[in-house]
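As stored in input.txt (compact mmCIF, N, CA and C atoms):
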# COMPACT_ATOMS: atom_id res chain seq x y z
N MET A 9 0.82 -1.19 0.00
CA MET A 9 0.00 0.00 0.00
C MET A 9 0.87 1.26 0.00
N LEU A 10 1.93 1.25 0.81
CA LEU A 10 2.82 2.40 0.85
C LEU A 10 3.48 2.61 -0.51
N THR A 11 3.81 1.52 -1.18
CA THR A 11 4.39 1.63 -2.51
C THR A 11 3.42 2.32 -3.46
N CYS A 12 2.15 1.97 -3.36
CA CYS A 12 1.14 2.63 -4.21
C CYS A 12 1.07 4.11 -3.92
N ARG A 13 1.09 4.46 -2.63
CA ARG A 13 0.98 5.87 -2.26
C ARG A 13 2.23 6.65 -2.62
N ALA A 14 3.40 6.01 -2.49
CA ALA A 14 4.66 6.70 -2.78
C ALA A 14 4.98 6.70 -4.27
N GLY A 15 4.35 5.77 -5.01
CA GLY A 15 4.56 5.73 -6.45
C GLY A 15 5.58 4.69 -6.91
N ARG A 16 6.56 4.41 -6.06
CA ARG A 16 7.60 3.44 -6.41
C ARG A 16 8.08 2.75 -5.13
N ALA A 17 8.58 1.53 -5.28
CA ALA A 17 9.06 0.78 -4.12
C ALA A 17 10.23 1.47 -3.44
N ASP A 18 11.15 2.03 -4.22
CA ASP A 18 12.30 2.69 -3.60
C ASP A 18 11.88 3.95 -2.85
N ALA A 19 10.88 4.65 -3.35
CA ALA A 19 10.37 5.84 -2.66
C ALA A 19 9.69 5.44 -1.35
N ALA A 20 8.98 4.32 -1.36
CA ALA A 20 8.33 3.83 -0.14
C ALA A 20 9.36 3.44 0.90
N ARG A 21 10.43 2.75 0.48
CA ARG A 21 11.49 2.37 1.41
C ARG A 21 12.18 3.61 1.99
N ASP A 22 12.42 4.61 1.16
CA ASP A 22 13.06 5.84 1.63
C ASP A 22 12.17 6.54 2.66
N PHE A 23 10.87 6.61 2.39
CA PHE A 23 9.93 7.22 3.32
C PHE A 23 9.95 6.47 4.66
N ALA A 24 9.89 5.14 4.61
CA ALA A 24 9.86 4.34 5.84
C ALA A 24 11.14 4.51 6.65
N ARG A 25 12.27 4.65 5.98
CA ARG A 25 13.54 4.84 6.69
C ARG A 25 13.59 6.16 7.45
N HIS A 26 12.89 7.15 6.97
CA HIS A 26 12.95 8.48 7.57
C HIS A 26 11.75 8.83 8.44
N LEU A 27 10.80 7.93 8.56
CA LEU A 27 9.61 8.17 9.36
C LEU A 27 9.96 7.98 10.84
N ASP A 28 9.78 9.02 11.63
CA ASP A 28 10.08 8.95 13.06
C ASP A 28 8.97 9.66 13.82
N LEU A 29 8.23 8.90 14.60
CA LEU A 29 7.10 9.47 15.34
C LEU A 29 7.45 9.79 16.79
N ALA A 30 8.72 9.67 17.14
CA ALA A 30 9.14 9.89 18.52
C ALA A 30 8.81 11.30 19.01
N GLY A 31 8.90 12.28 18.16
CA GLY A 31 8.58 13.65 18.56
C GLY A 31 7.09 13.90 18.69
N LEU A 32 6.29 13.12 17.99
CA LEU A 32 4.84 13.29 18.02
C LEU A 32 4.21 12.53 19.18
N ALA A 33 4.73 11.37 19.54
CA ALA A 33 4.12 10.50 20.56
C ALA A 33 3.84 11.21 21.89
N PRO A 34 4.75 12.03 22.42
CA PRO A 34 4.46 12.68 23.70
C PRO A 34 3.28 13.64 23.64
N ARG A 35 2.90 14.07 22.46
CA ARG A 35 1.79 15.02 22.31
C ARG A 35 0.45 14.34 22.07
N VAL A 36 0.44 13.01 21.96
CA VAL A 36 -0.81 12.29 21.74
C VAL A 36 -1.56 12.21 23.07
N ALA A 37 -2.65 12.95 23.17
CA ALA A 37 -3.40 13.03 24.43
C ALA A 37 -4.39 11.88 24.59
N ALA A 38 -4.77 11.25 23.51
CA ALA A 38 -5.71 10.14 23.56
C ALA A 38 -4.98 8.85 23.87
N PRO A 39 -5.68 7.86 24.42
CA PRO A 39 -5.04 6.55 24.62
C PRO A 39 -4.53 6.01 23.29
N LEU A 40 -3.32 5.47 23.31
CA LEU A 40 -2.68 4.98 22.09
C LEU A 40 -2.29 3.53 22.28
N LEU A 41 -2.78 2.66 21.42
CA LEU A 41 -2.39 1.26 21.44
C LEU A 41 -1.54 1.01 20.21
N VAL A 42 -0.28 0.67 20.43
CA VAL A 42 0.64 0.35 19.34
C VAL A 42 0.68 -1.17 19.22
N VAL A 43 0.40 -1.67 18.03
CA VAL A 43 0.35 -3.11 17.80
C VAL A 43 1.42 -3.48 16.78
N ASP A 44 2.28 -4.41 17.16
CA ASP A 44 3.35 -4.89 16.28
C ASP A 44 3.10 -6.35 15.93
N GLY A 45 3.34 -6.68 14.68
CA GLY A 45 3.34 -8.08 14.27
C GLY A 45 4.77 -8.58 14.29
N ASP A 46 5.01 -9.67 14.98
CA ASP A 46 6.38 -10.19 15.07
C ASP A 46 6.91 -10.67 13.73
N GLN A 47 6.03 -10.92 12.78
CA GLN A 47 6.46 -11.39 11.46
C GLN A 47 6.53 -10.26 10.44
N ASP A 48 6.53 -9.02 10.90
CA ASP A 48 6.61 -7.86 10.01
C ASP A 48 8.01 -7.79 9.41
N VAL A 49 8.09 -7.84 8.12
CA VAL A 49 9.38 -7.81 7.43
C VAL A 49 9.54 -6.57 6.56
N ILE A 50 8.72 -5.56 6.77
CA ILE A 50 8.81 -4.33 6.00
C ILE A 50 10.10 -3.61 6.39
N PRO A 51 10.96 -3.28 5.43
CA PRO A 51 12.21 -2.60 5.76
C PRO A 51 11.96 -1.25 6.42
N GLY A 52 12.70 -0.98 7.48
CA GLY A 52 12.60 0.31 8.15
C GLY A 52 11.60 0.34 9.28
N VAL A 53 10.78 -0.68 9.43
CA VAL A 53 9.80 -0.69 10.52
C VAL A 53 10.52 -1.15 11.78
N THR A 54 10.38 -0.36 12.83
CA THR A 54 11.04 -0.69 14.09
C THR A 54 10.01 -1.11 15.12
N ASN A 55 10.47 -1.67 16.19
CA ASN A 55 9.61 -2.11 17.27
C ASN A 55 8.86 -0.91 17.84
N GLY A 56 7.55 -1.03 17.93
CA GLY A 56 6.73 0.07 18.41
C GLY A 56 6.69 0.22 19.91
N GLU A 57 7.30 -0.72 20.64
CA GLU A 57 7.26 -0.65 22.10
C GLU A 57 7.93 0.62 22.62
N SER A 58 9.02 1.03 22.01
CA SER A 58 9.69 2.25 22.47
C SER A 58 8.82 3.48 22.20
N LEU A 59 8.07 3.48 21.12
CA LEU A 59 7.14 4.58 20.83
C LEU A 59 6.05 4.64 21.88
N THR A 60 5.58 3.50 22.32
CA THR A 60 4.54 3.42 23.34
C THR A 60 4.97 4.10 24.63
N ARG A 61 6.22 3.89 25.01
CA ARG A 61 6.71 4.48 26.26
C ARG A 61 6.74 6.01 26.21
N LEU A 62 6.78 6.58 25.02
CA LEU A 62 6.82 8.03 24.88
C LEU A 62 5.43 8.67 24.97
N ALA A 63 4.40 7.90 24.70
CA ALA A 63 3.04 8.43 24.71
C ALA A 63 2.49 8.40 26.14
N PRO A 64 1.88 9.49 26.59
CA PRO A 64 1.38 9.56 27.96
C PRO A 64 0.41 8.43 28.31
N LEU A 65 -0.43 8.04 27.38
CA LEU A 65 -1.41 6.98 27.63
C LEU A 65 -1.17 5.81 26.68
N GLY A 66 0.09 5.46 26.50
CA GLY A 66 0.45 4.42 25.55
C GLY A 66 0.28 3.02 26.09
N GLY A 67 -0.10 2.12 25.20
CA GLY A 67 -0.18 0.70 25.50
C GLY A 67 0.45 -0.05 24.34
N TYR A 68 0.97 -1.24 24.61
CA TYR A 68 1.67 -1.99 23.59
C TYR A 68 1.15 -3.42 23.52
N LEU A 69 1.02 -3.93 22.30
CA LEU A 69 0.60 -5.30 22.08
C LEU A 69 1.46 -5.89 20.97
N SER A 70 2.09 -7.02 21.28
CA SER A 70 2.86 -7.76 20.28
C SER A 70 2.03 -8.96 19.86
N VAL A 71 1.87 -9.13 18.55
CA VAL A 71 1.10 -10.25 18.01
C VAL A 71 2.08 -11.18 17.31
N PRO A 72 2.48 -12.29 17.97
CA PRO A 72 3.52 -13.17 17.42
C PRO A 72 3.32 -13.62 15.98
N PRO A 73 2.12 -14.06 15.57
CA PRO A 73 2.01 -14.51 14.18
C PRO A 73 1.73 -13.39 13.19
N GLY A 74 1.62 -12.14 13.66
CA GLY A 74 1.18 -11.05 12.81
C GLY A 74 2.20 -10.56 11.81
N ASP A 75 1.74 -10.30 10.59
CA ASP A 75 2.60 -9.66 9.60
C ASP A 75 2.38 -8.15 9.69
N HIS A 76 2.75 -7.41 8.66
CA HIS A 76 2.70 -5.94 8.75
C HIS A 76 1.29 -5.39 8.95
N LEU A 77 0.33 -5.88 8.23
CA LEU A 77 -1.04 -5.36 8.35
C LEU A 77 -1.96 -6.33 9.08
N PHE A 78 -1.41 -7.40 9.65
CA PHE A 78 -2.16 -8.37 10.43
C PHE A 78 -3.25 -9.10 9.66
N GLY A 79 -3.20 -9.08 8.36
CA GLY A 79 -4.19 -9.81 7.57
C GLY A 79 -4.17 -11.29 7.88
N ASN A 80 -3.01 -11.79 8.28
CA ASN A 80 -2.87 -13.21 8.59
C ASN A 80 -3.24 -13.54 10.03
N ALA A 81 -3.45 -12.54 10.87
CA ALA A 81 -3.68 -12.82 12.29
C ALA A 81 -4.76 -11.94 12.91
N ARG A 82 -5.51 -11.24 12.09
CA ARG A 82 -6.49 -10.29 12.61
C ARG A 82 -7.47 -10.94 13.59
N LEU A 83 -7.98 -12.10 13.24
CA LEU A 83 -8.95 -12.75 14.12
C LEU A 83 -8.32 -13.32 15.38
N ASP A 84 -6.99 -13.48 15.39
CA ASP A 84 -6.29 -13.98 16.57
C ASP A 84 -6.21 -12.95 17.69
N TRP A 85 -6.16 -11.69 17.35
CA TRP A 85 -5.93 -10.68 18.39
C TRP A 85 -7.02 -9.62 18.47
N MET A 86 -7.59 -9.22 17.37
CA MET A 86 -8.46 -8.05 17.39
C MET A 86 -9.69 -8.20 18.29
N PRO A 87 -10.46 -9.26 18.18
CA PRO A 87 -11.68 -9.30 19.00
C PRO A 87 -11.41 -9.26 20.50
N HIS A 88 -10.33 -9.88 20.94
CA HIS A 88 -10.08 -9.97 22.37
C HIS A 88 -9.21 -8.83 22.89
N HIS A 89 -8.04 -8.66 22.32
CA HIS A 89 -7.10 -7.66 22.83
C HIS A 89 -7.57 -6.23 22.62
N LEU A 90 -8.14 -5.96 21.46
CA LEU A 90 -8.60 -4.60 21.21
C LEU A 90 -9.78 -4.26 22.11
N SER A 91 -10.69 -5.19 22.29
CA SER A 91 -11.83 -4.92 23.18
C SER A 91 -11.36 -4.77 24.63
N ASP A 92 -10.36 -5.56 25.05
CA ASP A 92 -9.80 -5.40 26.40
C ASP A 92 -9.17 -4.03 26.57
N HIS A 93 -8.41 -3.59 25.56
CA HIS A 93 -7.77 -2.28 25.61
C HIS A 93 -8.83 -1.18 25.71
N MET A 94 -9.87 -1.28 24.90
CA MET A 94 -10.92 -0.26 24.93
C MET A 94 -11.64 -0.25 26.28
N ALA A 95 -11.92 -1.42 26.84
CA ALA A 95 -12.58 -1.49 28.13
C ALA A 95 -11.73 -0.86 29.22
N ARG A 96 -10.43 -1.18 29.24
CA ARG A 96 -9.52 -0.59 30.23
C ARG A 96 -9.46 0.93 30.07
N THR A 97 -9.39 1.37 28.83
CA THR A 97 -9.29 2.81 28.56
C THR A 97 -10.55 3.55 29.00
N LEU A 98 -11.69 2.99 28.68
CA LEU A 98 -12.96 3.67 29.00
C LEU A 98 -13.33 3.63 30.47
N THR A 99 -12.79 2.68 31.21
CA THR A 99 -13.13 2.58 32.63
C THR A 99 -12.03 3.07 33.55
N ALA A 100 -10.93 3.55 32.98
CA ALA A 100 -9.80 4.00 33.79
C ALA A 100 -10.16 5.27 34.55
N THR A 101 -9.61 5.36 35.74
CA THR A 101 -9.79 6.56 36.55
C THR A 101 -8.68 7.54 36.19
N PRO A 102 -9.04 8.79 35.85
CA PRO A 102 -8.00 9.77 35.50
C PRO A 102 -7.02 9.98 36.65
N ALA A 103 -5.77 10.24 36.30
CA ALA A 103 -4.73 10.46 37.33
C ALA A 103 -4.87 11.80 37.98

What does this structure look like when you write it as structure tokens?
Amino acid sequence: MLTCRAGRADAARDFARHLDLAGLAPRVAAPLLVVDGDQDVIPGVTNGESLTRLAPLGGYLSVPPGDHLFGNARLDWMPHHLSDHMARTLTATPA
């Protein structure tokens, strides 16, 4: 999909290499769930756990069988983990 948006595979790889959300994460005021697929082989994609630690309301989920877009593992994690995250977020007591 990124290749389609960038126009060429090399342009997509260049974009991914330079994408850094570390400066944006601390400003995300909403609860943020970062989900990584352990089978993600897209060049330039880094572990999202460090990004999660920068967000004030960050949460992290690693999906062992997941690829980049989780098409191969969506039913393994989404119904349970995402609903658990939403329930925790909606019922949390503000600090």

Query raised in the report: as a list in words, which residues of chain A does DSSP assign to strand (DSSP E)?
Result: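 Those residues are Leu40, Leu41, Val42, Val43, Asp44, Gly45, Gly66, Gly67, Tyr68, Leu69, Ser70 and Val71 of chain A.
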
Requested in this report: From a DSSP calculation on the backbone, collect every residue of chain A in helix (DSSP H, G or I) and output the set as a VMD selection string.
Outcome: chain A and resid 10 to 14 17 to 26 33 to 35 57 to 62 82 to 99

**Report entry** Top pick for closest residue to Pro72 in chain A, considering A:Ala95, A:Gln47, A:Leu32, A:Ala24 and counting all atoms listed in the file
**Finding:**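 When distances to Pro72 in chain A are compared using all atoms listed in the file, the smallest one comes from A:Gln47.
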
Query raised in the report: Excluding same-chain residues fewer than 6 positions from Asp46 in chain A, what lies within 6.5 Å of it counting only N, CA and C atoms, as a list in words?
Result: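 Result of the neighbour search: Ser70, Val71, Pro72, Pro73, Gly74 and Asp75 of chain A.
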
Requested in this report: Excluding range 62-66 of chain A and any residue of its chain fewer than 2 positions from it, enumerate the residues within 6.5 Å of it, using only N, CA and C atoms, and give them as a ChimeraX atom specification.
Outcome: /A:33-42,58-60,68

Where's the centre, and what are the edge lengths in Å to one decimal, of a box along x, y and z enclosing all listed atoms of range 90-97 of chain A padded 4 Å per side, as lines of an AutoDock Vina configuration file?
center_x = -10.2
center_y = -1.2
center_z = 25.7
size_x = 12.8
size_y = 17.5
size_z = 17.0

Report summary line: note - CA of Gly45 in chain A and CA of Asn80 in chain A are separated by 9.9 Å

Query raised in the report: Can you tell me how far CA of Leu98 in chain A sits from CA of Glu57 in chain A, in Å to one decimal?
Result: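 We find that CA of Leu98 in chain A and CA of Glu57 in chain A lie 21.8 Å from each other.
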
Query - For CA of Arg96 in chain A and CA of Gly31 in chain A, the interatomic separation in Å (one decimal) - result: 25.8 Å
